[in-house]
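Take a look at the structure set out below.
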Amino acid sequence: MPSANRKSPSAPAKESKKAKTSPAAPDKKKSNSPAAPAAAAASSSACRRLKRETLGFLESLKKNNDSEWVKANKKIYDAAKLDWQAFVISLLGELSKTEKALKNYPAGKAIFKMSRDLRFSNDKTPYKTSFSMAVNYEGDKKSNVPCYYLAVGPDELMIAGGLYFPPTALLDKVRKKIAEDPAGFKKMISSANFKKHFGSDPFKENDRLKTAPKGFEKDHPDINLLRLKSMHVSAVMDKKSSPIAKATGGDFLAFVIETFKALAPYNHWLCSALGLDPSVPAIS
């Protein structure tokens, strides 16, 4: 996920509001009527891409990442959030057609807040500079179960999933299943569709243990897989690949769904390793 720019300790004092960059206004002003969110939800079926103004807001936020600027541009901020919400509603509707467990998944439970947790960070900029969401098979985006993840920002577009740094108890279950059928696991992650989206070495960026995990020999033929500390995979478009153009042009929704469909067999395999049934609704 794109990270916010850090402010240099030697940076000059804040500019006045007038001197700061203001994003271009959206096509339509956000209504102050209580029915506005409902209207966005009602029209979400036609939301196939994000508005250019939404990414424009994120670009401006990178340059003006403070509460004062966001407060001064609240209408534009709210319009961008509504656009993102409408897209996520459309995305969940499409995804639930093949992932029955995700039927009726509320967008509010999937969307991450824009505010950053500053408690343990040296970077004190208050807002993320990307919109992000995640859904999983337990209905809680913070649960340690297989998930689908999307983050969209001006500098990076990430579509990801799997298990992100699960606790040892869950990771041991995954390792055991890999050891039981390494050929089947390798065949799955080597399929043409999976490789098309996540590469021929989907775990190359993932952290690994320095030695063999407990219960496995150092010379195990699949020790490189068994040493993995995280089982997530991701497809990333950096700034050189024009993430803004991808998110705001053409059928971005179809692009994300296509990638999620390529991820589905892997997520289902992980579910089976953890004893989860991916057909059981996450939201009852």
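Labeling convention for the structure tokens: chains A, B, ... as they appear, residues from 1 per chain, ligands from 1 in order of appearance.
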
DSSP on the backbone, strand (DSSP E) only: what residues of range 157-200 of chain A does that give? Format it as a ChimeraX atom specification. /A:157-163

Could you give me, as an MDAnalysis selection string, the residues within 7 Å of range 120-135 of chain A, counting only C-alpha atoms and dropping anything in the same chain fewer than 5 positions from it? chainID A and resid 2:4 6 58 61:62 65:67 110:112 114:115 141 147:153

Test item: residues at most 7 Å from Leu50 in chain A, only C-alpha atoms, excluding those fewer than 3 positions along its chain, as a ChimeraX atom specification: /A:54,83-84,87,247-248

Residues at most 9 Å from Ile223 in chain A, counting only C-alpha atoms, excluding those fewer than 4 positions away in the same chain, as a count of residues only? 9
